[in-house]
file structure_25.txt (compact mmCIF, C-alpha atoms and all ligand atoms)
# COMPACT_ATOMS: atom_id res chain seq x y z
CA MET S 1 0.00 0.00 0.00
CA THR S 2 1.21 3.53 -0.76
CA PRO S 3 1.58 5.38 2.53
CA VAL S 4 -1.05 8.01 3.38
CA PRO S 5 0.51 10.98 5.20
CA PHE S 6 -1.52 12.59 7.99
CA LEU S 7 -1.43 15.89 6.09
CA ASP S 8 0.31 17.14 2.94
CA LEU S 9 0.54 20.93 3.09
CA GLY S 10 2.58 21.04 -0.09
CA ALA S 11 -0.47 19.85 -2.07
CA ALA S 12 -2.31 23.10 -1.36
CA TYR S 13 0.62 25.12 -2.63
CA ARG S 14 0.97 22.97 -5.76
CA GLU S 15 -2.70 23.54 -6.61
CA LEU S 16 -2.42 27.31 -6.20
CA GLN S 17 1.21 27.81 -7.16
CA SER S 18 0.76 30.37 -9.95
CA GLU S 19 -1.67 32.50 -7.92
CA VAL S 20 0.38 32.30 -4.72
CA ASP S 21 3.61 33.09 -6.53
CA ALA S 22 1.96 36.09 -8.20
CA ALA S 23 0.62 37.35 -4.87
CA VAL S 24 4.04 37.02 -3.23
CA ALA S 25 5.76 38.76 -6.16
CA ARG S 26 3.23 41.61 -5.98
CA VAL S 27 4.03 42.20 -2.29
CA LEU S 28 7.78 41.90 -2.78
CA ALA S 29 7.67 44.48 -5.58
CA SER S 30 5.40 46.84 -3.64
CA GLY S 31 8.03 47.74 -1.06
CA TRP S 32 5.32 47.73 1.67
CA TYR S 33 5.48 44.78 4.06
CA LEU S 34 3.39 45.52 7.18
CA LEU S 35 -0.10 46.98 7.75
CA GLY S 36 -0.64 47.87 4.12
CA PRO S 37 -3.17 47.30 1.35
CA GLU S 38 -3.06 43.46 1.42
CA VAL S 39 -3.88 43.32 5.14
CA ARG S 40 -6.67 45.89 4.72
CA ALA S 41 -8.12 43.95 1.79
CA PHE S 42 -7.85 40.61 3.60
CA GLU S 43 -9.52 42.06 6.70
CA ALA S 44 -12.45 43.31 4.61
CA GLU S 45 -12.73 40.02 2.71
CA PHE S 46 -12.53 37.78 5.77
CA ALA S 47 -15.01 39.92 7.76
CA ALA S 48 -17.43 39.67 4.84
CA TYR S 49 -16.84 35.92 4.57
CA CYS S 50 -17.67 35.48 8.26
CA GLY S 51 -20.66 37.79 8.08
CA ALA S 52 -19.11 40.15 10.63
CA GLU S 53 -18.45 43.88 10.56
CA HIS S 54 -14.82 43.95 11.62
CA CYS S 55 -11.69 41.86 11.23
CA VAL S 56 -8.38 42.73 12.87
CA ALA S 57 -5.50 40.68 11.46
CA LEU S 58 -2.92 39.60 14.02
CA GLY S 59 0.31 37.68 14.41
CA SER S 60 -1.24 34.37 15.53
CA GLY S 61 -4.36 32.65 16.81
CA LEU S 62 -2.96 32.72 20.32
CA ASP S 63 -2.61 36.50 20.05
CA ALA S 64 -6.18 36.73 18.75
CA ILE S 65 -7.36 35.04 21.97
CA THR S 66 -5.14 37.08 24.28
CA LEU S 67 -5.75 40.44 22.64
CA SER S 68 -9.53 40.03 22.39
CA LEU S 69 -9.59 39.40 26.16
CA ARG S 70 -7.22 42.31 26.82
CA GLY S 71 -9.44 44.42 24.56
CA LEU S 72 -12.22 43.83 27.08
CA ASP S 73 -9.86 44.76 29.95
CA ILE S 74 -9.79 41.20 31.24
CA GLY S 75 -6.77 40.48 33.41
CA PRO S 76 -5.53 39.44 36.86
CA GLY S 77 -8.32 38.49 39.27
CA ASP S 78 -10.74 37.71 36.45
CA GLU S 79 -11.97 34.29 35.37
CA VAL S 80 -12.59 33.06 31.84
CA VAL S 81 -14.49 29.82 31.28
CA VAL S 82 -12.76 27.47 28.80
CA PRO S 83 -13.31 23.86 27.70
CA SER S 84 -11.32 21.26 29.62
CA HIS S 85 -10.80 19.44 26.30
CA THR S 86 -9.11 21.79 23.83
CA PHE S 87 -5.73 22.74 22.38
CA ILE S 88 -3.72 24.28 25.21
CA ALA S 89 -3.60 27.65 23.36
CA THR S 90 -7.13 28.39 24.62
CA TRP S 91 -5.88 28.15 28.21
CA LEU S 92 -2.57 29.90 27.45
CA GLY S 93 -4.37 32.84 25.82
CA VAL S 94 -6.39 33.35 28.99
CA ALA S 95 -3.37 32.87 31.25
CA ALA S 96 -1.35 35.39 29.21
CA THR S 97 -3.76 38.15 30.29
CA GLY S 98 -3.25 37.23 33.96
CA ALA S 99 -6.81 35.87 34.19
CA THR S 100 -7.63 32.36 35.40
CA PRO S 101 -8.93 29.71 32.99
CA VAL S 102 -11.90 27.90 34.57
CA PRO S 103 -12.50 24.57 32.82
CA VAL S 104 -15.83 23.02 31.88
CA GLU S 105 -15.99 19.37 30.85
CA PRO S 106 -17.08 18.33 27.35
CA ASP S 107 -20.29 16.85 26.05
CA PRO S 108 -19.29 13.18 25.67
CA GLY S 109 -20.76 12.93 22.15
CA THR S 110 -19.26 15.99 20.46
CA LEU S 111 -16.33 16.63 22.85
CA ASN S 112 -17.25 20.34 22.76
CA LEU S 113 -17.93 22.36 25.93
CA ASP S 114 -21.07 20.97 27.58
CA PRO S 115 -23.54 23.85 28.02
CA ALA S 116 -25.35 21.90 30.76
CA ARG S 117 -22.23 22.23 32.92
CA LEU S 118 -21.59 25.89 32.17
CA ALA S 119 -23.82 27.63 34.74
CA ALA S 120 -22.00 25.91 37.62
CA ALA S 121 -18.66 27.36 36.44
CA ILE S 122 -19.82 30.98 36.37
CA THR S 123 -18.93 33.11 39.40
CA PRO S 124 -19.03 36.86 40.12
CA ARG S 125 -15.46 36.99 38.72
CA THR S 126 -16.34 35.47 35.34
CA ARG S 127 -15.61 38.03 32.62
CA ALA S 128 -15.91 35.88 29.51
CA VAL S 129 -16.87 32.43 28.27
CA MET S 130 -14.66 31.01 25.54
CA PRO S 131 -16.15 28.01 23.75
CA VAL S 132 -13.97 26.27 21.16
CA HIS S 133 -15.37 24.87 17.91
CA LEU S 134 -13.13 21.88 18.31
CA TYR S 135 -12.16 19.85 15.25
CA GLY S 136 -14.27 22.27 13.16
CA GLN S 137 -17.52 21.25 14.91
CA PRO S 138 -19.52 24.26 16.09
CA ALA S 139 -20.13 24.41 19.81
CA ASP S 140 -23.74 24.79 20.97
CA LEU S 141 -23.71 28.61 20.90
CA ASP S 142 -27.41 29.10 21.69
CA ALA S 143 -27.28 27.02 24.86
CA ILE S 144 -23.90 28.54 25.81
CA ALA S 145 -25.17 32.11 25.34
CA GLU S 146 -28.21 31.32 27.44
CA ALA S 147 -26.14 29.89 30.30
CA ALA S 148 -23.62 32.75 30.01
CA GLY S 149 -26.31 35.39 30.48
CA ASP S 150 -24.65 38.84 30.47
CA VAL S 151 -21.12 37.42 30.29
CA PRO S 152 -19.64 37.95 26.81
CA VAL S 153 -18.98 34.86 24.69
CA ILE S 154 -15.70 35.04 22.80
CA GLU S 155 -15.28 32.06 20.51
CA ASP S 156 -12.02 30.24 19.84
CA ALA S 157 -12.71 29.62 16.15
CA ALA S 158 -9.15 28.56 15.30
CA GLN S 159 -10.41 25.29 13.78
CA ALA S 160 -13.74 26.44 12.34
CA HIS S 161 -13.30 28.75 9.33
CA GLY S 162 -16.52 28.45 7.34
CA ALA S 163 -18.46 26.26 9.79
CA HIS S 164 -22.13 27.00 10.48
CA HIS S 165 -24.18 26.94 13.66
CA ARG S 166 -27.73 26.63 12.36
CA ALA S 167 -27.85 29.19 9.52
CA GLU S 168 -25.11 31.34 11.06
CA ARG S 169 -21.51 31.40 9.89
CA ILE S 170 -19.06 30.98 12.75
CA GLY S 171 -17.64 34.44 13.46
CA SER S 172 -20.88 36.31 12.78
CA ARG S 173 -21.84 36.65 16.46
CA TYR S 174 -20.11 38.85 19.02
CA ALA S 175 -16.42 38.01 18.70
CA ALA S 176 -14.31 35.10 17.46
CA ALA S 177 -10.57 34.41 17.41
CA PHE S 178 -9.19 32.68 14.30
CA SER S 179 -5.80 31.12 13.59
CA PHE S 180 -4.12 30.92 10.19
CA TYR S 181 -1.47 28.42 11.29
CA PRO S 182 -0.48 26.54 8.10
CA GLY S 183 -2.44 23.37 8.94
CA LYS S 184 -5.74 25.14 9.68
CA ASN S 185 -8.59 25.07 7.13
CA LEU S 186 -7.52 28.57 6.10
CA GLY S 187 -3.75 28.48 6.58
CA ALA S 188 -0.97 30.93 5.81
CA LEU S 189 2.64 30.08 4.92
CA GLY S 190 3.65 30.95 8.46
CA ASP S 191 1.87 32.27 11.53
CA GLY S 192 -1.21 34.46 11.50
CA GLY S 193 -4.51 35.06 13.25
CA ALA S 194 -7.44 37.45 13.45
CA LEU S 195 -10.19 38.75 15.67
CA VAL S 196 -13.54 38.92 13.89
CA THR S 197 -16.19 40.93 15.72
CA ASN S 198 -19.33 43.04 15.49
CA ASP S 199 -18.16 45.21 18.41
CA ALA S 200 -16.56 48.30 16.84
CA GLU S 201 -15.05 49.39 20.12
CA LEU S 202 -13.41 46.00 20.74
CA ALA S 203 -12.04 45.98 17.18
CA GLU S 204 -10.55 49.43 17.70
CA ARG S 205 -8.97 48.44 21.04
CA VAL S 206 -7.37 45.35 19.48
CA ARG S 207 -6.12 47.45 16.53
CA LEU S 208 -4.35 49.65 19.06
CA LEU S 209 -2.98 46.71 21.04
CA ARG S 210 -1.50 44.96 17.97
CA ASN S 211 0.59 47.98 17.03
CA TYR S 212 2.34 49.19 20.22
CA GLY S 213 -0.81 50.84 21.50
CA SER S 214 -0.44 53.42 18.78
CA ARG S 215 -2.84 54.85 16.22
CA VAL S 216 -0.57 57.68 15.16
CA LYS S 217 3.14 56.87 14.90
CA TYR S 218 4.97 57.54 18.20
CA GLN S 219 1.78 58.33 20.10
CA HIS S 220 1.25 55.41 22.48
CA GLU S 221 -2.17 55.41 24.14
CA VAL S 222 -2.00 52.00 25.85
CA LYS S 223 0.70 49.41 26.64
CA GLY S 224 0.28 47.49 23.42
CA THR S 225 2.30 44.74 21.85
CA ASN S 226 3.53 43.83 18.37
CA SER S 227 1.19 41.35 16.71
CA ARG S 228 0.71 42.13 13.03
CA LEU S 229 -0.16 39.85 10.16
CA ASP S 230 2.35 40.72 7.44
CA GLU S 231 1.51 41.72 3.88
CA LEU S 232 2.94 38.51 2.41
CA GLN S 233 0.73 36.30 4.57
CA ALA S 234 -2.31 38.49 3.91
CA ALA S 235 -1.76 38.25 0.14
CA VAL S 236 -1.44 34.45 0.35
CA LEU S 237 -4.52 34.18 2.60
CA ARG S 238 -6.56 36.17 0.06
CA VAL S 239 -5.75 33.52 -2.56
CA LYS S 240 -6.59 30.68 -0.18
CA LEU S 241 -9.82 32.30 1.05
CA SER S 242 -11.12 32.06 -2.52
CA ARG S 243 -10.81 28.23 -2.22
CA LEU S 244 -12.01 27.81 1.36
CA ASP S 245 -15.61 26.79 0.58
CA GLU S 246 -14.51 24.35 -2.11
CA TRP S 247 -11.89 22.81 0.18
CA ASN S 248 -14.31 22.58 3.10
CA ALA S 249 -16.79 20.81 0.80
CA ARG S 250 -14.12 18.26 -0.05
CA ARG S 251 -13.47 17.71 3.68
CA ARG S 252 -17.23 17.10 4.13
CA THR S 253 -17.22 14.48 1.39
CA ILE S 254 -14.31 12.67 3.04
CA ALA S 255 -15.92 12.88 6.49
CA ALA S 256 -19.17 11.48 5.06
CA ARG S 257 -17.27 8.45 3.76
CA TYR S 258 -15.48 7.88 7.07
CA LEU S 259 -18.81 8.17 8.93
CA ALA S 260 -20.61 5.78 6.57
CA GLU S 261 -17.84 3.23 6.03
CA LEU S 262 -16.63 3.02 9.64
CA SER S 263 -20.02 3.11 11.36
CA ASP S 264 -20.20 -0.65 11.90
CA VAL S 265 -16.70 -1.07 13.35
CA ASP S 266 -16.94 -2.54 16.85
CA GLY S 267 -15.24 -0.56 19.57
CA LEU S 268 -14.70 2.57 17.48
CA VAL S 269 -16.52 5.76 18.52
CA LEU S 270 -17.12 8.17 15.63
CA PRO S 271 -17.74 11.92 15.97
CA GLU S 272 -21.33 12.88 16.73
CA VAL S 273 -22.76 15.76 14.69
CA PRO S 274 -25.80 17.59 16.11
CA ALA S 275 -28.59 18.20 13.57
CA TRP S 276 -28.05 21.98 13.75
CA ALA S 277 -24.30 21.82 13.12
CA ASP S 278 -22.47 22.12 9.82
CA PRO S 279 -18.88 21.28 10.71
CA VAL S 280 -15.84 21.92 8.49
CA TRP S 281 -13.88 18.86 9.61
CA HIS S 282 -10.59 20.48 10.51
CA LEU S 283 -9.90 17.07 12.02
CA PHE S 284 -11.69 13.73 11.88
CA VAL S 285 -11.30 12.28 15.36
CA VAL S 286 -12.23 8.73 16.34
CA ARG S 287 -12.06 7.29 19.85
CA THR S 288 -11.14 3.91 21.30
CA PRO S 289 -9.69 2.75 24.62
CA HIS S 290 -7.11 0.94 22.43
CA ARG S 291 -5.92 4.21 20.88
CA ASP S 292 -2.17 3.59 21.14
CA ARG S 293 -2.50 0.12 19.62
CA LEU S 294 -4.68 1.48 16.78
CA ARG S 295 -2.15 4.24 16.14
CA ASP S 296 0.73 1.72 15.99
CA LEU S 297 -1.13 -0.66 13.67
CA LEU S 298 -2.05 2.23 11.34
CA ASP S 299 1.53 3.44 11.42
CA THR S 300 2.71 -0.02 10.37
CA ALA S 301 0.13 0.05 7.56
CA GLY S 302 1.56 3.40 6.40
CA VAL S 303 -1.36 5.55 7.57
CA GLY S 304 -0.30 8.70 9.42
CA THR S 305 -2.31 9.77 12.48
CA LEU S 306 -1.99 12.24 15.34
CA SER S 307 -3.77 12.71 18.68
CA HIS S 308 -5.51 16.03 19.32
CA TYR S 309 -4.60 16.28 22.09
CA PRO S 310 -2.74 13.57 24.00
CA VAL S 311 -2.34 15.54 27.26
CA ALA S 312 -5.27 17.47 28.77
CA ALA S 313 -4.38 21.14 29.30
CA HIS S 314 -4.76 20.90 33.09
CA ARG S 315 -2.30 17.97 33.16
CA ALA S 316 0.41 19.86 31.25
CA PRO S 317 3.33 20.87 33.49
CA ALA S 318 2.61 24.45 32.34
CA PHE S 319 -0.60 24.38 34.42
CA ALA S 320 0.75 22.38 37.36
CA ASP S 321 0.09 25.46 39.52
CA ALA S 322 -3.57 25.71 38.50
CA GLY S 323 -4.83 23.21 41.06
CA TRP S 324 -6.34 20.52 38.83
CA PRO S 325 -4.83 17.18 39.92
CA ALA S 326 -5.10 13.92 37.96
CA GLY S 327 -8.68 12.70 38.02
CA SER S 328 -10.17 16.16 38.59
CA LEU S 329 -11.44 16.53 35.00
CA PRO S 330 -12.11 12.90 34.08
CA LEU S 331 -13.85 13.50 30.75
CA ALA S 332 -10.98 15.58 29.40
CA GLU S 333 -8.47 13.03 30.68
CA ARG S 334 -10.37 10.19 29.05
CA ALA S 335 -10.62 12.08 25.75
CA ALA S 336 -6.85 12.71 25.84
CA ALA S 337 -6.28 8.97 26.25
CA GLU S 338 -8.71 7.86 23.53
CA VAL S 339 -8.68 10.36 20.64
CA LEU S 340 -7.01 9.63 17.32
CA SER S 341 -7.18 11.88 14.24
CA LEU S 342 -7.36 10.14 10.86
CA PRO S 343 -5.86 11.74 7.73
CA MET S 344 -8.09 14.66 6.65
CA GLY S 345 -7.60 17.47 4.16
CA PRO S 346 -8.88 18.81 0.85
CA HIS S 347 -6.14 17.07 -1.11
CA LEU S 348 -6.68 13.55 0.19
CA THR S 349 -7.65 11.40 -2.81
CA ASP S 350 -10.54 8.92 -2.96
CA ASP S 351 -8.00 6.10 -3.12
CA GLN S 352 -6.23 7.38 -0.02
CA VAL S 353 -9.54 7.54 1.86
CA THR S 354 -10.26 3.95 0.79
CA THR S 355 -6.82 2.94 2.07
CA VAL S 356 -7.40 4.61 5.44
CA ILE S 357 -10.82 2.99 5.86
CA ALA S 358 -9.46 -0.49 5.02
CA ALA S 359 -6.52 -0.02 7.39
CA VAL S 360 -8.73 1.13 10.27
CA ARG S 361 -11.10 -1.80 9.74
CA ALA S 362 -8.23 -4.30 9.66
CA ALA S 363 -6.58 -2.79 12.74
CA MET S 364 -9.80 -2.76 14.77
CA ALA S 365 -10.51 -6.38 13.75
CA GLU S 366 -7.07 -7.35 15.03
CA ILE S 367 -7.56 -5.39 18.27
CA GLY S 368 -11.06 -6.89 18.73
CA GLY S 369 -9.72 -10.42 18.11
CA ARG S 370 -7.13 -9.94 20.83
CA ALA S 371 -9.57 -8.45 23.29
CA ALA S 372 -11.86 -11.47 22.75
CA ALA S 373 -9.00 -14.00 23.04
C1 LIG S 401 -4.35 26.53 16.42
C2 LIG S 401 -5.18 26.84 17.61
C3 LIG S 401 -4.95 27.97 18.41
C4 LIG S 401 -3.74 28.84 18.29
O1 LIG S 401 -3.46 29.32 17.04
P1 LIG S 401 -1.96 29.72 16.63
O2 LIG S 401 -2.16 30.46 15.36
O3 LIG S 401 -1.19 28.46 16.50
O4 LIG S 401 -1.43 30.60 17.72
C5 LIG S 401 -5.85 28.24 19.42
N1 LIG S 401 -6.88 27.44 19.69
C6 LIG S 401 -7.12 26.33 18.96
C7 LIG S 401 -8.31 25.49 19.30
C8 LIG S 401 -6.27 25.99 17.91
O5 LIG S 401 -6.50 24.87 17.21
call {"tool": "encode", "arguments": {"input": "structure_25.txt", "output": "structure tokens", "more": "lines below"}}
Ligand SMILES: *Cc1c(COP(=O)(O)O)cnc(C)c1O
result
Amino acid sequence: MTPVPFLDLGAAYRELQSEVDAAVARVLASGWYLLGPEVRAFEAEFAAYCGAEHCVALGSGLDAITLSLRGLDIGPGDEVVVPSHTFIATWLGVAATGATPVPVEPDPGTLNLDPARLAAAITPRTRAVMPVHLYGQPADLDAIAEAAGDVPVIEDAAQAHGAHHRAERIGSRYAAAFSFYPGKNLGALGDGGALVTNDAELAERVRLLRNYGSRVKYQHEVKGTNSRLDELQAAVLRVKLSRLDEWNARRRTIAARYLAELSDVDGLVLPEVPAWADPVWHLFVVRTPHRDRLRDLLDTAGVGTLSHYPVAAHRAPAFADAGWPAGSLPLAERAAAEVLSLPMGPHLTDDQVTTVIAAVRAAMAEIGGRAAA
């Protein structure tokens, strides 16, 4: 069998090579490399794509999280509710402001923040709730907003470019932080991120923060930072944005095959998609208590996989001081032990998908045979 890599980022470049090369050449020749016409155009195009009024392009997705919270004056002494099962950047973005991440366990079916558990996590210090649309699956925003009450909901949309919650595009509500890390559904050729929001004041505050707290050169109104998407990345992202819907559609087709052709595999838990959700399948994540064995068998069969994420955020040494010992967030810990991401991306061929499905079926049969023996 020809090996199937977990992800081939070069394929996206090969498809778009002439357009990307032209965009890069245009920026190089322009002599303008930061906060120029490409960033302004990308901000307008991505805001329109999301159905939001404002987009502020930033240096990374982590910065988009941190600066949107700082834009609301959230800092030491404040609490921000986050999912217990997420990429650690959600927690780190909160911690970077000096605020405390307060975890809520996931819904066992979708692995997204469980709205039924949210009210119990809200205290007088809660200044924001940050759901994550993990794996490109929209979180239950209606139920989350209801439980959050007056507390603003800032979405970590780093994995959900183009996803829909009912008829709404992710990013069209109050505020959402996006990442353009190369492997994301909309990925740059380096780091990048953005805040998308309908709050003009928040957008303006984050614009200040990203550029040394300055609107006019050498006039510094607040203690800002340096977090600017550069013109090269913006020009490349404009090319890729034009393909995002097509590429997300291809991801949906692949996910539909995985869901249909793996549904009868004993011992394998497939992602659950609520009727109101239209996910964009940033990742296709299966679960089994025999995760490590499945990973090894797939590796031997030449199928690349990864775990997102193998260590729960509260169990990372980085959060050893946060007071969440082993066993304190059992659903997140179990997810970390059981999740495995199958190859997924717009450039995966039908034959590669067939190979992955056959390899997963064979591996699970072998694991099941052993468990029974
Ligand atoms: C990628 C990601 C981030 C961080 O984005 P960067 O651009 O890598 O800083 C934050 N949250 C989630 C859920 C992510 O997947």
call {"tool": "closest_residue", "arguments": {"input": "structure_25.txt", "among": "S:Glu146, S:Glu155, S:Glu333, S:Asp140", "to": "ligand LIG 401 (chain S)", "atoms": "only C-alpha atoms and all ligand atoms"}}
result
S:Glu155
call {"tool": "atom_distance", "arguments": {"input": "structure_25.txt", "atom1": "atom CA of S:Glu261", "atom2": "atom CA of S:Thr288"}}
result
16.7 Å
call {"tool": "residues_near_ligand", "arguments": {"input": "structure_25.txt", "ligand": "ligand LIG 401 (chain S)", "cutoff": "10 Å", "atoms": "only C-alpha atoms and all ligand atoms", "output": "PDB file with C-alpha atoms, keeping the file's coordinate frame"}}
result
ATOM      1  CA  LEU S  58      -2.920  39.600  14.020  1.00  0.00           C
ATOM      2  CA  GLY S  59       0.310  37.680  14.410  1.00  0.00           C
ATOM      3  CA  SER S  60      -1.240  34.370  15.530  1.00  0.00           C
ATOM      4  CA  GLY S  61      -4.360  32.650  16.810  1.00  0.00           C
ATOM      5  CA  LEU S  62      -2.960  32.720  20.320  1.00  0.00           C
ATOM      6  CA  ASP S  63      -2.610  36.500  20.050  1.00  0.00           C
ATOM      7  CA  ALA S  64      -6.180  36.730  18.750  1.00  0.00           C
ATOM      8  CA  ILE S  65      -7.360  35.040  21.970  1.00  0.00           C
ATOM      9  CA  THR S  66      -5.140  37.080  24.280  1.00  0.00           C
ATOM     10  CA  PRO S  83     -13.310  23.860  27.700  1.00  0.00           C
ATOM     11  CA  HIS S  85     -10.800  19.440  26.300  1.00  0.00           C
ATOM     12  CA  THR S  86      -9.110  21.790  23.830  1.00  0.00           C
ATOM     13  CA  PHE S  87      -5.730  22.740  22.380  1.00  0.00           C
ATOM     14  CA  ILE S  88      -3.720  24.280  25.210  1.00  0.00           C
ATOM     15  CA  ALA S  89      -3.600  27.650  23.360  1.00  0.00           C
ATOM     16  CA  THR S  90      -7.130  28.390  24.620  1.00  0.00           C
ATOM     17  CA  TRP S  91      -5.880  28.150  28.210  1.00  0.00           C
ATOM     18  CA  LEU S  92      -2.570  29.900  27.450  1.00  0.00           C
ATOM     19  CA  GLY S  93      -4.370  32.840  25.820  1.00  0.00           C
ATOM     20  CA  PRO S 131     -16.150  28.010  23.750  1.00  0.00           C
ATOM     21  CA  VAL S 132     -13.970  26.270  21.160  1.00  0.00           C
ATOM     22  CA  HIS S 133     -15.370  24.870  17.910  1.00  0.00           C
ATOM     23  CA  LEU S 134     -13.130  21.880  18.310  1.00  0.00           C
ATOM     24  CA  TYR S 135     -12.160  19.850  15.250  1.00  0.00           C
ATOM     25  CA  GLY S 136     -14.270  22.270  13.160  1.00  0.00           C
ATOM     26  CA  GLU S 155     -15.280  32.060  20.510  1.00  0.00           C
ATOM     27  CA  ASP S 156     -12.020  30.240  19.840  1.00  0.00           C
ATOM     28  CA  ALA S 157     -12.710  29.620  16.150  1.00  0.00           C
ATOM     29  CA  ALA S 158      -9.150  28.560  15.300  1.00  0.00           C
ATOM     30  CA  GLN S 159     -10.410  25.290  13.780  1.00  0.00           C
ATOM     31  CA  ALA S 160     -13.740  26.440  12.340  1.00  0.00           C
ATOM     32  CA  ALA S 177     -10.570  34.410  17.410  1.00  0.00           C
ATOM     33  CA  PHE S 178      -9.190  32.680  14.300  1.00  0.00           C
ATOM     34  CA  SER S 179      -5.800  31.120  13.590  1.00  0.00           C
ATOM     35  CA  PHE S 180      -4.120  30.920  10.190  1.00  0.00           C
ATOM     36  CA  TYR S 181      -1.470  28.420  11.290  1.00  0.00           C
ATOM     37  CA  PRO S 182      -0.480  26.540   8.100  1.00  0.00           C
ATOM     38  CA  GLY S 183      -2.440  23.370   8.940  1.00  0.00           C
ATOM     39  CA  LYS S 184      -5.740  25.140   9.680  1.00  0.00           C
ATOM     40  CA  GLY S 187      -3.750  28.480   6.580  1.00  0.00           C
ATOM     41  CA  ALA S 188      -0.970  30.930   5.810  1.00  0.00           C
ATOM     42  CA  GLY S 190       3.650  30.950   8.460  1.00  0.00           C
ATOM     43  CA  ASP S 191       1.870  32.270  11.530  1.00  0.00           C
ATOM     44  CA  GLY S 192      -1.210  34.460  11.500  1.00  0.00           C
ATOM     45  CA  GLY S 193      -4.510  35.060  13.250  1.00  0.00           C
ATOM     46  CA  ALA S 194      -7.440  37.450  13.450  1.00  0.00           C
ATOM     47  CA  HIS S 282     -10.590  20.480  10.510  1.00  0.00           C
ATOM     48  CA  LEU S 283      -9.900  17.070  12.020  1.00  0.00           C
ATOM     49  CA  HIS S 308      -5.510  16.030  19.320  1.00  0.00           C
TER      50      HIS S 308
END
call {"tool": "atom_distance", "arguments": {"input": "structure_25.txt", "atom1": "atom CA of S:Val82", "atom2": "atom CA of S:Val129"}}
result
6.5 Å
call {"tool": "closest_residue", "arguments": {"input": "structure_25.txt", "among": "S:Glu45, S:Glu79, S:Glu38, S:Asp150", "to": "S:Thr97", "atoms": "all atoms listed in the file"}}
result
S:Glu79
call {"tool": "atom_distance", "arguments": {"input": "structure_25.txt", "atom1": "atom CA of S:Lys240", "atom2": "atom CA of S:Ala41"}}
result
13.5 Å
call {"tool": "closest_residue", "arguments": {"input": "structure_25.txt", "among": "S:Val353, S:Leu9, S:Ala312, S:Leu189", "to": "S:Thr253", "atoms": "only C-alpha atoms"}}
result
S:Val353
call {"tool": "closest_residue", "arguments": {"input": "structure_25.txt", "among": "S:Gly149, S:Pro330, S:Pro343, S:Gly36", "to": "S:Ser307", "atoms": "only C-alpha atoms"}}
result
S:Pro343
call {"tool": "residues_around", "arguments": {"input": "structure_25.txt", "residues": "S:Asp230", "least_positions_apart": "6", "cutoff": "8 Å", "atoms": "all atoms listed in the file", "output": "JSON list (two decimals) with C-alpha atoms, keeping the file's coordinate frame"}}
result
[["chain", "number", "residue", "atom", "x", "y", "z"],
["S", 33, "TYR", "CA", 5.48, 44.78, 4.06],
["S", 34, "LEU", "CA", 3.39, 45.52, 7.18],
["S", 35, "LEU", "CA", -0.10, 46.98, 7.75],
["S", 39, "VAL", "CA", -3.88, 43.32, 5.14],
["S", 59, "GLY", "CA", 0.31, 37.68, 14.41]]
call {"tool": "closest_residue", "arguments": {"input": "structure_25.txt", "among": "S:His347, S:Arg207, S:Asn226, S:Ala176", "to": "S:Arg14", "atoms": "all atoms listed in the file"}}
result
S:His347
call {"tool": "residues_around", "arguments": {"input": "structure_25.txt", "residues": "S:Arg287", "least_positions_apart": "5", "cutoff": "7 Å", "atoms": "only C-alpha atoms", "output": "ChimeraX atom specification"}}
result
/S:268-270,338-340
call {"tool": "residues_around", "arguments": {"input": "structure_25.txt", "residues": "S:Val104", "least_positions_apart": "3", "cutoff": "8 Å", "atoms": "all atoms listed in the file", "output": "number ranges by chain"}}
result
S: 81-84, 113-114, 117-118, 121
call {"tool": "residues_around", "arguments": {"input": "structure_25.txt", "residues": "stretch 263-265 of chain S", "least_positions_apart": "6", "cutoff": "10 Å", "atoms": "all atoms listed in the file", "output": "ChimeraX atom specification"}}
result
/S:257,360-362,364-365,368
call {"tool": "write_last_selection", "arguments": {"input": "structure_25.txt", "atoms": "C-alpha atoms", "output": "PDB file, in the coordinates of the input"}}
result
ATOM      1  CA  ARG S 257     -17.270   8.450   3.760  1.00  0.00           C
ATOM      2  CA  VAL S 360      -8.730   1.130  10.270  1.00  0.00           C
ATOM      3  CA  ARG S 361     -11.100  -1.800   9.740  1.00  0.00           C
ATOM      4  CA  ALA S 362      -8.230  -4.300   9.660  1.00  0.00           C
ATOM      5  CA  MET S 364      -9.800  -2.760  14.770  1.00  0.00           C
ATOM      6  CA  ALA S 365     -10.510  -6.380  13.750  1.00  0.00           C
ATOM      7  CA  GLY S 368     -11.060  -6.890  18.730  1.00  0.00           C
TER       8      GLY S 368
END
call {"tool": "closest_residue", "arguments": {"input": "structure_25.txt", "among": "S:Ala316, S:Ile367, S:Ile357, S:Val273", "to": "S:Gly109", "atoms": "only C-alpha atoms"}}
result
S:Val273
call {"tool": "residues_around", "arguments": {"input": "structure_25.txt", "residues": "S:Val222", "least_positions_apart": "5", "cutoff": "12 Å", "atoms": "only C-alpha atoms", "output": "PDB file with C-alpha atoms, in the frame of the given file"}}
result
ATOM      1  CA  ARG S  70      -7.220  42.310  26.820  1.00  0.00           C
ATOM      2  CA  GLY S  71      -9.440  44.420  24.560  1.00  0.00           C
ATOM      3  CA  ASP S  73      -9.860  44.760  29.950  1.00  0.00           C
ATOM      4  CA  ARG S 205      -8.970  48.440  21.040  1.00  0.00           C
ATOM      5  CA  VAL S 206      -7.370  45.350  19.480  1.00  0.00           C
ATOM      6  CA  ARG S 207      -6.120  47.450  16.530  1.00  0.00           C
ATOM      7  CA  LEU S 208      -4.350  49.650  19.060  1.00  0.00           C
ATOM      8  CA  LEU S 209      -2.980  46.710  21.040  1.00  0.00           C
ATOM      9  CA  ARG S 210      -1.500  44.960  17.970  1.00  0.00           C
ATOM     10  CA  ASN S 211       0.590  47.980  17.030  1.00  0.00           C
ATOM     11  CA  TYR S 212       2.340  49.190  20.220  1.00  0.00           C
ATOM     12  CA  GLY S 213      -0.810  50.840  21.500  1.00  0.00           C
ATOM     13  CA  SER S 214      -0.440  53.420  18.780  1.00  0.00           C
ATOM     14  CA  ARG S 215      -2.840  54.850  16.220  1.00  0.00           C
TER      15      ARG S 215
END
